[in-house]
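Worksheet for the structure shown next.
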Amino acid sequence: MQTPADTAAAPEDESSRLWLERLTDSGPRRDAAVAELHDLLLKAARFEIGRRRATLPHLRGGDHEDLAQQSADDALMAVLRKLDQFRGESRFTTWAYKFALLEAAVKVRRRAWQGREIPVEAEAWAALADAGEPAVRGAEDAELFRVLREEIERLTPRQREVLVAVALNGVPIDVLAERLGSSRGALYKNLHDARRSLRDRLARRGFRIDGDGEEER
Amino acid sequence: MKRDQVLGKVLGPAAPELTCEECFEELDRYVELVLAGEPAEERIPGMAPHLQGCPACADDFRSLRDLVGREGIDSIR
């Protein structure tokens with residue numbers, strides 16, 4: 001049986017210490033704590049699903065509750081599995097909430113995109129073309145966006161796929177990860193590398209872009 | 001989309017940033033620092049640029065901040 005002393009760091013606040021103590025106890029005291037934790041995670045999952053309700057117009061009321069219950073169940077498993085990783089640097093409840101919010105957010109995003117195709121690249125080029133439209137932004141911007149499009153074409157296929165889907169077409173990274181059999185972290189690495197590469201290549205071609213995307217020439 | 005929005009989304013943050021895994025690891029501490037008015041970015045460098053560049057993690061941040069904030073900032077250490 002795990003004890004609070006086994007955890008990486010003892011939390012400073014009494015409430016968090018008590019949570020750990022009860023969850024690492026045995027018998028009815030632990031069972032009661034697990035049930036209480038599930039209620040807490042369910043509250044967080046309902047909160048998340050409630051704020052994303054507009055993205056799920058086709059779901060009925062009962063479906064929202066099913067999603068919340070599934071999210072709370074999965075989050076409970078994650079929290080109990082990772083209890084020894086709680087470092088006590090936040091309140092226990094804040095730490096636990098993030099698992100429920102993540103489970104709920106991922107489930108909602110995937111449900112919202114269920115059966116939908118990932119937008120094709122051509123739709124993203126329209127956004128680039130509009131943003132660099134000479135009549136609107138001037139010749140220098142038109143040149144910047146022409147070069148940017150060229151350099152996007154030169155990225156690796158995976159980098160281009162992730163950049164276009166996530167950054168230009170607004171496809172949630174969890175949804176793309178599920179379709180590609182990958183993970184959020186791995187795809188964000190692809191996106192990050194693509195962005196670094198584009199910044200470097202634009203700089204080599206005489207375009208200097210500051211941190212917020214403002215061009216400095 | 002407007003020009004700067006497109007450039008921001010395509011090129012992302014210029015500053016060094018955390019990975020998604022590191023972001024999730026630090027999210028609870030970061031949210032409590034933000035709600036307590038502490039200099040969160042100084043304490044957890046790279047978090048703010050990551051939230052700027054990763055829409056999914058930024059969503060997770062806003063949700064946790066709003067949920068914990070709703071319970072009252074006084075309850076944050």
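Chain identifiers are assigned as A, B, and so on, following the order in which chains appear in the structure tokens; residues are numbered from 1 within each chain, and ligands are numbered from 1 in order of appearance.
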Excluding stretch 37-45 of chain B and any residue of its chain fewer than 2 positions from it, enumerate the residues within 12 Å of it, using only C-alpha atoms, and give them as a ChimeraX atom specification.
-> /B:15-19,22-23,25-35,47-51,69,73-74,76-77
Would you write out those residues with C-alpha atoms, as a PDB file, in the first residue's frame?
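In the end it all went to again.pdb:
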ATOM      1  CA  ALA B  15      10.328  32.625 -27.727  1.00  0.00           C
ATOM      2  CA  PRO B  16      11.386  29.182 -26.467  1.00  0.00           C
ATOM      3  CA  GLU B  17       8.394  27.194 -25.291  1.00  0.00           C
ATOM      4  CA  LEU B  18       7.506  24.139 -23.245  1.00  0.00           C
ATOM      5  CA  THR B  19       6.275  20.943 -24.894  1.00  0.00           C
ATOM      6  CA  GLU B  22       5.629  19.804 -19.877  1.00  0.00           C
ATOM      7  CA  CYS B  23       2.709  22.199 -20.167  1.00  0.00           C
ATOM      8  CA  GLU B  25       2.737  18.830 -15.972  1.00  0.00           C
ATOM      9  CA  GLU B  26       2.942  22.481 -14.893  1.00  0.00           C
ATOM     10  CA  LEU B  27      -0.618  23.567 -15.683  1.00  0.00           C
ATOM     11  CA  ASP B  28      -2.049  23.370 -12.143  1.00  0.00           C
ATOM     12  CA  ARG B  29       0.847  25.318 -10.629  1.00  0.00           C
ATOM     13  CA  TYR B  30       0.743  27.897 -13.433  1.00  0.00           C
ATOM     14  CA  VAL B  31      -3.008  28.455 -13.023  1.00  0.00           C
ATOM     15  CA  GLU B  32      -2.675  28.987  -9.277  1.00  0.00           C
ATOM     16  CA  LEU B  33       0.181  31.454  -9.824  1.00  0.00           C
ATOM     17  CA  VAL B  34      -1.912  33.377 -12.378  1.00  0.00           C
ATOM     18  CA  LEU B  35      -4.954  33.462 -10.077  1.00  0.00           C
ATOM     19  CA  MET B  47       4.605  28.356 -20.529  1.00  0.00           C
ATOM     20  CA  ALA B  48       3.156  31.593 -21.952  1.00  0.00           C
ATOM     21  CA  PRO B  49       4.747  31.106 -25.415  1.00  0.00           C
ATOM     22  CA  HIS B  50       3.442  27.537 -25.486  1.00  0.00           C
ATOM     23  CA  LEU B  51      -0.089  28.684 -24.649  1.00  0.00           C
ATOM     24  CA  GLY B  69     -11.189  30.869 -10.245  1.00  0.00           C
ATOM     25  CA  ILE B  73      -9.141  33.181  -5.500  1.00  0.00           C
ATOM     26  CA  ASP B  74      -8.946  33.341  -1.698  1.00  0.00           C
ATOM     27  CA  ILE B  76      -5.455  29.662  -3.572  1.00  0.00           C
ATOM     28  CA  ARG B  77      -2.338  29.596  -1.454  1.00  0.00           C
TER      29      ARG B  77
END
Kindly determine which residues of chain A lie within 9 Å of chain B, considering only C-alpha atoms, and give the answer as a count of residues only.
-> 54
Could you jot down the atom CA of A:Leu42 to atom CA of A:Asp74 separation for me, Å, one decimal place?
->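 Between atom CA of A:Leu42 and atom CA of A:Asp74 the gap is 10.4 Å.
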Enumerate the residues of chain B with a DSSP assignment of alpha helix (DSSP H), computed from the backbone, and present them as number ranges by chain.
-> B: 3-11, 20-35, 40-43, 47-53, 55-70
In Å, how far is it from atom CA of A:Ser182 to atom CA of A:Glu161?
->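 According to the coordinates, atom CA of A:Ser182 and atom CA of A:Glu161 are separated by 13.0 Å.
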In Å, with one decimal, what is the gap from atom CA of A:Asp200 to atom CA of A:Ala165?
->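 Straight-line distance from atom CA of A:Asp200 to atom CA of A:Ala165 works out to 21.2 Å.
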